[in-house]
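A.B. asks: After the structure tokens below, expect a handful of questions from me.
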Amino acid sequence: MDISSLKDNPYQQFSSLRFAEKTCALAIYPKHWNISDVAIWLGTLKFLRSLGLIINYQCDHRTYNPKALARRIQKGPIFITGGGNFGDVYHNEIRLRQQIMKDFPDRQIIQCSQSIWFKEEANISRIQTFIGK
């Protein structure tokens, strides 16, 4: 999928994805003060369900358990909630995102829409290297 096409209709583009498994995980639950992130989480749940997906595992950085995720989501995709926690500002979230990628290198991992914020420019290349871009 060409990322430039996402600006036209992200919902249409996203819903065109096909998944071999109907069960999925949704990670990085926003258990903090920002109510807007909770609204994004709830919207994501509703959207994933509208695609016919069954969310069998949810977590935040405190409750993440890779064995439980693997058991509940055999081969399905792992979604990471959208919002504004991608970068080097929110350490718990970036560590969890990276841990999920380490724990499930062969799994389809889908990062939902995010704003990106880095305080330190050097950290941009570190995350690019980690992700493989």
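Every chain in the structure tokens has a letter given in the order shown (A, B, ...), and although residue numbers restart at 1 in each chain, ligands are simply numbered from 1 in the order shown.
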For A:Leu42, work out the shell of residues within 12 Å, counting only C-alpha atoms and skipping chain neighbours fewer than 3 positions away, then give it as a list in words.
C.D. replies: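 Contacts, in chain order: Leu26, Tyr29, Pro30, Ile35, Ser36, Asp37, Val38, Ala39, Leu45, Lys46, Phe47, Leu48, Arg49, Gln58, Thr81, Gly82 and Gly83 of chain A.
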A.B. asks: Once you have the residues from the selection above, write them out as a CSV table (one decimal), in the first residue's frame, restricted to N, CA and C atoms.
C.D. replies:
```csv
chain,number,residue,atom,x,y,z
A,26,LEU,N,-4.9,-6.0,20.6
A,26,LEU,CA,-4.7,-4.5,20.5
A,26,LEU,C,-3.9,-4.1,21.7
A,29,TYR,N,-2.9,0.0,25.7
A,29,TYR,CA,-4.1,0.6,26.3
A,29,TYR,C,-3.6,1.9,27.0
A,30,PRO,N,-4.3,3.0,26.8
A,30,PRO,CA,-3.9,4.3,27.4
A,30,PRO,C,-4.4,4.4,28.8
A,35,ILE,N,-7.8,11.6,28.3
A,35,ILE,CA,-9.0,11.0,27.9
A,35,ILE,C,-9.2,10.9,26.4
A,36,SER,N,-8.5,11.8,25.7
A,36,SER,CA,-8.5,11.7,24.2
A,36,SER,C,-7.9,10.4,23.7
A,37,ASP,N,-6.9,9.9,24.4
A,37,ASP,CA,-6.3,8.6,24.0
A,37,ASP,C,-7.3,7.5,24.3
A,38,VAL,N,-8.1,7.6,25.3
A,38,VAL,CA,-9.1,6.6,25.6
A,38,VAL,C,-10.2,6.6,24.5
A,39,ALA,N,-10.5,7.8,24.0
A,39,ALA,CA,-11.5,7.9,22.9
A,39,ALA,C,-10.9,7.2,21.6
A,45,LEU,N,-11.3,0.0,18.8
A,45,LEU,CA,-12.0,-1.2,19.1
A,45,LEU,C,-13.2,-1.4,18.2
A,46,LYS,N,-14.0,-0.3,18.1
A,46,LYS,CA,-15.2,-0.3,17.2
A,46,LYS,C,-14.8,-0.6,15.8
A,47,PHE,N,-13.8,0.1,15.3
A,47,PHE,CA,-13.4,-0.1,13.9
A,47,PHE,C,-12.9,-1.5,13.6
A,48,LEU,N,-12.1,-2.0,14.5
A,48,LEU,CA,-11.6,-3.4,14.3
A,48,LEU,C,-12.8,-4.4,14.3
A,49,ARG,N,-13.7,-4.2,15.2
A,49,ARG,CA,-14.9,-5.1,15.2
A,49,ARG,C,-15.7,-4.9,13.9
A,58,GLN,N,-5.8,-7.6,25.0
A,58,GLN,CA,-5.6,-6.2,25.1
A,58,GLN,C,-4.6,-6.0,26.3
A,81,THR,N,-2.3,0.6,19.2
A,81,THR,CA,-3.2,1.7,19.2
A,81,THR,C,-2.6,3.0,18.6
A,82,GLY,N,-3.4,3.8,18.1
A,82,GLY,CA,-2.9,5.1,17.5
A,82,GLY,C,-2.9,6.2,18.6
A,83,GLY,N,-2.7,7.4,18.2
A,83,GLY,CA,-2.6,8.5,19.2
A,83,GLY,C,-1.4,9.3,19.0
```
A.B. asks: Check the smallest atom-to-atom distance from each of A:Cys24, A:Asn123, A:Ile131, A:Glu93 to A:Arg71 using only C-alpha atoms, then report the winner.
C.D. replies: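 Distance minimum relative to A:Arg71 lands on A:Cys24.
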A.B. asks: Could you tell me how far atom CA of A:Lys31 sits from atom CA of A:Ile54, in Å to one decimal place?
C.D. replies: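 Separating atom CA of A:Ile54 from atom CA of A:Lys31 is a distance of 21.5 Å.
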A.B. asks: Could you check the closest approach to A:Gly52 for each of A:Ala20, A:Ala122, A:Ile94, A:Leu69 and tell me which residue wins, using only C-alpha atoms?
C.D. replies: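 Smallest separation from A:Gly52 among the options: A:Ala20.
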A.B. asks: Of the candidates A:Ile73, A:Ile80, A:Leu96, A:Ile124, which shows the shortest atom-to-atom distance to A:Ile40, using only C-alpha atoms?
C.D. replies: A:Ile80
A.B. asks: Please report, as a PDB file with N, CA and C atoms, in the first residue's frame, each residue of chain A to which DSSP assigns alpha helix (DSSP H) when run on this structure's backbone.
C.D. replies:
```pdb
ATOM      1  N   PRO A  10      -8.229   7.109   4.836  1.00  0.00           N
ATOM      2  CA  PRO A  10      -7.510   6.097   5.620  1.00  0.00           C
ATOM      3  C   PRO A  10      -8.399   4.928   6.012  1.00  0.00           C
ATOM      4  N   TYR A  11      -9.667   5.161   6.251  1.00  0.00           N
ATOM      5  CA  TYR A  11     -10.549   4.067   6.655  1.00  0.00           C
ATOM      6  C   TYR A  11     -10.746   3.076   5.517  1.00  0.00           C
ATOM      7  N   GLN A  12     -10.932   3.593   4.312  1.00  0.00           N
ATOM      8  CA  GLN A  12     -11.101   2.712   3.162  1.00  0.00           C
ATOM      9  C   GLN A  12      -9.823   1.912   2.925  1.00  0.00           C
ATOM     10  N   GLN A  13      -8.677   2.570   2.996  1.00  0.00           N
ATOM     11  CA  GLN A  13      -7.406   1.885   2.779  1.00  0.00           C
ATOM     12  C   GLN A  13      -7.180   0.811   3.842  1.00  0.00           C
ATOM     13  N   PHE A  14      -7.431   1.170   5.080  1.00  0.00           N
ATOM     14  CA  PHE A  14      -7.189   0.246   6.192  1.00  0.00           C
ATOM     15  C   PHE A  14      -8.128  -0.944   6.121  1.00  0.00           C
ATOM     16  N   SER A  15      -9.384  -0.689   5.808  1.00  0.00           N
ATOM     17  CA  SER A  15     -10.349  -1.778   5.765  1.00  0.00           C
ATOM     18  C   SER A  15     -10.137  -2.692   4.565  1.00  0.00           C
ATOM     19  N   ILE A  35      -7.751  11.648  28.326  1.00  0.00           N
ATOM     20  CA  ILE A  35      -9.023  11.041  27.935  1.00  0.00           C
ATOM     21  C   ILE A  35      -9.150  10.924  26.421  1.00  0.00           C
ATOM     22  N   SER A  36      -8.470  11.786  25.673  1.00  0.00           N
ATOM     23  CA  SER A  36      -8.510  11.700  24.210  1.00  0.00           C
ATOM     24  C   SER A  36      -7.936  10.378  23.721  1.00  0.00           C
ATOM     25  N   ASP A  37      -6.893   9.894  24.381  1.00  0.00           N
ATOM     26  CA  ASP A  37      -6.315   8.604  24.000  1.00  0.00           C
ATOM     27  C   ASP A  37      -7.286   7.457  24.259  1.00  0.00           C
ATOM     28  N   VAL A  38      -8.089   7.576  25.312  1.00  0.00           N
ATOM     29  CA  VAL A  38      -9.108   6.560  25.587  1.00  0.00           C
ATOM     30  C   VAL A  38     -10.158   6.580  24.473  1.00  0.00           C
ATOM     31  N   ALA A  39     -10.525   7.764  24.002  1.00  0.00           N
ATOM     32  CA  ALA A  39     -11.483   7.869  22.895  1.00  0.00           C
ATOM     33  C   ALA A  39     -10.911   7.215  21.631  1.00  0.00           C
ATOM     34  N   ILE A  40      -9.633   7.420  21.374  1.00  0.00           N
ATOM     35  CA  ILE A  40      -8.976   6.786  20.222  1.00  0.00           C
ATOM     36  C   ILE A  40      -9.019   5.272  20.378  1.00  0.00           C
ATOM     37  N   TRP A  41      -8.721   4.782  21.590  1.00  0.00           N
ATOM     38  CA  TRP A  41      -8.757   3.340  21.875  1.00  0.00           C
ATOM     39  C   TRP A  41     -10.150   2.776  21.584  1.00  0.00           C
ATOM     40  N   LEU A  42     -11.183   3.441  22.102  1.00  0.00           N
ATOM     41  CA  LEU A  42     -12.546   2.956  21.909  1.00  0.00           C
ATOM     42  C   LEU A  42     -12.948   2.986  20.433  1.00  0.00           C
ATOM     43  N   GLY A  43     -12.534   4.027  19.729  1.00  0.00           N
ATOM     44  CA  GLY A  43     -12.792   4.101  18.292  1.00  0.00           C
ATOM     45  C   GLY A  43     -12.094   2.980  17.536  1.00  0.00           C
ATOM     46  N   THR A  44     -10.881   2.654  17.963  1.00  0.00           N
ATOM     47  CA  THR A  44     -10.130   1.567  17.327  1.00  0.00           C
ATOM     48  C   THR A  44     -10.815   0.232  17.566  1.00  0.00           C
ATOM     49  N   LEU A  45     -11.280   0.005  18.798  1.00  0.00           N
ATOM     50  CA  LEU A  45     -12.021  -1.232  19.087  1.00  0.00           C
ATOM     51  C   LEU A  45     -13.230  -1.355  18.171  1.00  0.00           C
ATOM     52  N   LYS A  46     -13.989  -0.289  18.065  1.00  0.00           N
ATOM     53  CA  LYS A  46     -15.193  -0.302  17.227  1.00  0.00           C
ATOM     54  C   LYS A  46     -14.832  -0.555  15.765  1.00  0.00           C
ATOM     55  N   PHE A  47     -13.775   0.094  15.289  1.00  0.00           N
ATOM     56  CA  PHE A  47     -13.364  -0.068  13.893  1.00  0.00           C
ATOM     57  C   PHE A  47     -12.903  -1.497  13.623  1.00  0.00           C
ATOM     58  N   LEU A  48     -12.067  -2.049  14.501  1.00  0.00           N
ATOM     59  CA  LEU A  48     -11.589  -3.421  14.293  1.00  0.00           C
ATOM     60  C   LEU A  48     -12.755  -4.403  14.285  1.00  0.00           C
ATOM     61  N   ARG A  49     -13.691  -4.198  15.184  1.00  0.00           N
ATOM     62  CA  ARG A  49     -14.883  -5.064  15.217  1.00  0.00           C
ATOM     63  C   ARG A  49     -15.698  -4.914  13.939  1.00  0.00           C
ATOM     64  N   SER A  50     -15.752  -3.704  13.381  1.00  0.00           N
ATOM     65  CA  SER A  50     -16.495  -3.502  12.132  1.00  0.00           C
ATOM     66  C   SER A  50     -15.858  -4.253  10.968  1.00  0.00           C
ATOM     67  N   PRO A  66       3.657 -11.781  26.795  1.00  0.00           N
ATOM     68  CA  PRO A  66       3.782 -12.381  25.465  1.00  0.00           C
ATOM     69  C   PRO A  66       3.239 -13.810  25.381  1.00  0.00           C
ATOM     70  N   LYS A  67       3.352 -14.577  26.455  1.00  0.00           N
ATOM     71  CA  LYS A  67       2.817 -15.944  26.429  1.00  0.00           C
ATOM     72  C   LYS A  67       1.297 -15.924  26.329  1.00  0.00           C
ATOM     73  N   ALA A  68       0.663 -15.039  27.072  1.00  0.00           N
ATOM     74  CA  ALA A  68      -0.798 -14.929  27.010  1.00  0.00           C
ATOM     75  C   ALA A  68      -1.236 -14.442  25.630  1.00  0.00           C
ATOM     76  N   LEU A  69      -0.522 -13.471  25.076  1.00  0.00           N
ATOM     77  CA  LEU A  69      -0.857 -12.980  23.748  1.00  0.00           C
ATOM     78  C   LEU A  69      -0.750 -14.107  22.729  1.00  0.00           C
ATOM     79  N   ALA A  70       0.341 -14.850  22.766  1.00  0.00           N
ATOM     80  CA  ALA A  70       0.542 -15.954  21.819  1.00  0.00           C
ATOM     81  C   ALA A  70      -0.541 -17.020  21.962  1.00  0.00           C
ATOM     82  N   ARG A  71      -0.939 -17.291  23.182  1.00  0.00           N
ATOM     83  CA  ARG A  71      -1.963 -18.310  23.436  1.00  0.00           C
ATOM     84  C   ARG A  71      -3.333 -17.856  22.926  1.00  0.00           C
ATOM     85  N   ARG A  72      -3.662 -16.592  23.142  1.00  0.00           N
ATOM     86  CA  ARG A  72      -4.988 -16.083  22.776  1.00  0.00           C
ATOM     87  C   ARG A  72      -5.102 -15.693  21.303  1.00  0.00           C
ATOM     88  N   HIS A  91       8.244   6.817  27.177  1.00  0.00           N
ATOM     89  CA  HIS A  91       9.161   5.675  27.249  1.00  0.00           C
ATOM     90  C   HIS A  91       8.463   4.331  27.407  1.00  0.00           C
ATOM     91  N   ASN A  92       7.441   4.255  28.234  1.00  0.00           N
ATOM     92  CA  ASN A  92       6.755   2.982  28.438  1.00  0.00           C
ATOM     93  C   ASN A  92       6.145   2.463  27.138  1.00  0.00           C
ATOM     94  N   GLU A  93       5.566   3.356  26.382  1.00  0.00           N
ATOM     95  CA  GLU A  93       4.895   2.960  25.154  1.00  0.00           C
ATOM     96  C   GLU A  93       5.899   2.520  24.091  1.00  0.00           C
ATOM     97  N   ILE A  94       6.992   3.259  23.928  1.00  0.00           N
ATOM     98  CA  ILE A  94       7.968   2.863  22.907  1.00  0.00           C
ATOM     99  C   ILE A  94       8.649   1.553  23.292  1.00  0.00           C
ATOM    100  N   ARG A  95       8.906   1.363  24.591  1.00  0.00           N
ATOM    101  CA  ARG A  95       9.500   0.088  25.020  1.00  0.00           C
ATOM    102  C   ARG A  95       8.552  -1.074  24.746  1.00  0.00           C
ATOM    103  N   LEU A  96       7.277  -0.880  25.023  1.00  0.00           N
ATOM    104  CA  LEU A  96       6.314  -1.948  24.758  1.00  0.00           C
ATOM    105  C   LEU A  96       6.217  -2.220  23.262  1.00  0.00           C
ATOM    106  N   ARG A  97       6.150  -1.184  22.459  1.00  0.00           N
ATOM    107  CA  ARG A  97       6.098  -1.356  21.001  1.00  0.00           C
ATOM    108  C   ARG A  97       7.306  -2.166  20.528  1.00  0.00           C
ATOM    109  N   GLN A  98       8.477  -1.823  21.008  1.00  0.00           N
ATOM    110  CA  GLN A  98       9.687  -2.533  20.603  1.00  0.00           C
ATOM    111  C   GLN A  98       9.690  -3.968  21.127  1.00  0.00           C
ATOM    112  N   GLN A  99       9.200  -4.180  22.339  1.00  0.00           N
ATOM    113  CA  GLN A  99       9.164  -5.529  22.901  1.00  0.00           C
ATOM    114  C   GLN A  99       8.236  -6.430  22.099  1.00  0.00           C
ATOM    115  N   ILE A 100       7.108  -5.897  21.700  1.00  0.00           N
ATOM    116  CA  ILE A 100       6.177  -6.673  20.877  1.00  0.00           C
ATOM    117  C   ILE A 100       6.842  -7.063  19.564  1.00  0.00           C
ATOM    118  N   MET A 101       7.563  -6.125  18.954  1.00  0.00           N
ATOM    119  CA  MET A 101       8.255  -6.438  17.691  1.00  0.00           C
ATOM    120  C   MET A 101       9.333  -7.492  17.901  1.00  0.00           C
ATOM    121  N   LYS A 102      10.023  -7.446  19.032  1.00  0.00           N
ATOM    122  CA  LYS A 102      11.033  -8.465  19.342  1.00  0.00           C
ATOM    123  C   LYS A 102      10.392  -9.821  19.593  1.00  0.00           C
ATOM    124  N   ASP A 103       9.296  -9.830  20.353  1.00  0.00           N
ATOM    125  CA  ASP A 103       8.652 -11.080  20.732  1.00  0.00           C
ATOM    126  C   ASP A 103       7.920 -11.758  19.579  1.00  0.00           C
ATOM    127  N   GLU A 121      16.990  14.182  17.898  1.00  0.00           N
ATOM    128  CA  GLU A 121      17.036  13.748  16.502  1.00  0.00           C
ATOM    129  C   GLU A 121      17.753  12.401  16.332  1.00  0.00           C
ATOM    130  N   ALA A 122      18.753  12.146  17.154  1.00  0.00           N
ATOM    131  CA  ALA A 122      19.493  10.874  17.060  1.00  0.00           C
ATOM    132  C   ALA A 122      18.585   9.675  17.305  1.00  0.00           C
ATOM    133  N   ASN A 123      17.538   9.862  18.079  1.00  0.00           N
ATOM    134  CA  ASN A 123      16.624   8.750  18.367  1.00  0.00           C
ATOM    135  C   ASN A 123      15.778   8.353  17.161  1.00  0.00           C
ATOM    136  N   ILE A 124      15.633   9.251  16.211  1.00  0.00           N
ATOM    137  CA  ILE A 124      14.888   8.926  14.991  1.00  0.00           C
ATOM    138  C   ILE A 124      15.588   7.800  14.244  1.00  0.00           C
ATOM    139  N   SER A 125      16.895   7.929  14.037  1.00  0.00           N
ATOM    140  CA  SER A 125      17.617   6.883  13.312  1.00  0.00           C
ATOM    141  C   SER A 125      17.658   5.577  14.109  1.00  0.00           C
ATOM    142  N   ARG A 126      17.692   5.662  15.438  1.00  0.00           N
ATOM    143  CA  ARG A 126      17.674   4.443  16.257  1.00  0.00           C
ATOM    144  C   ARG A 126      16.381   3.660  16.045  1.00  0.00           C
ATOM    145  N   ILE A 127      15.258   4.360  16.063  1.00  0.00           N
ATOM    146  CA  ILE A 127      13.988   3.656  15.874  1.00  0.00           C
ATOM    147  C   ILE A 127      13.853   3.173  14.440  1.00  0.00           C
ATOM    148  N   GLN A 128      14.349   3.914  13.476  1.00  0.00           N
ATOM    149  CA  GLN A 128      14.313   3.462  12.080  1.00  0.00           C
ATOM    150  C   GLN A 128      15.111   2.180  11.924  1.00  0.00           C
ATOM    151  N   THR A 129      16.277   2.125  12.551  1.00  0.00           N
ATOM    152  CA  THR A 129      17.093   0.918  12.489  1.00  0.00           C
ATOM    153  C   THR A 129      16.387  -0.244  13.157  1.00  0.00           C
ATOM    154  N   PHE A 130      15.776   0.002  14.293  1.00  0.00           N
ATOM    155  CA  PHE A 130      15.070  -1.054  15.027  1.00  0.00           C
ATOM    156  C   PHE A 130      13.923  -1.616  14.205  1.00  0.00           C
ATOM    157  N   ILE A 131      13.147  -0.721  13.602  1.00  0.00           N
ATOM    158  CA  ILE A 131      11.989  -1.151  12.828  1.00  0.00           C
ATOM    159  C   ILE A 131      12.418  -1.773  11.503  1.00  0.00           C
TER     160      ILE A 131
END
```
A.B. asks: Using atom CA of A:Arg62 and atom CA of A:Phe19 as the two end points, give the distance in Å to one decimal.
C.D. replies: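 Separating atom CA of A:Arg62 from atom CA of A:Phe19 is a distance of 27.7 Å.
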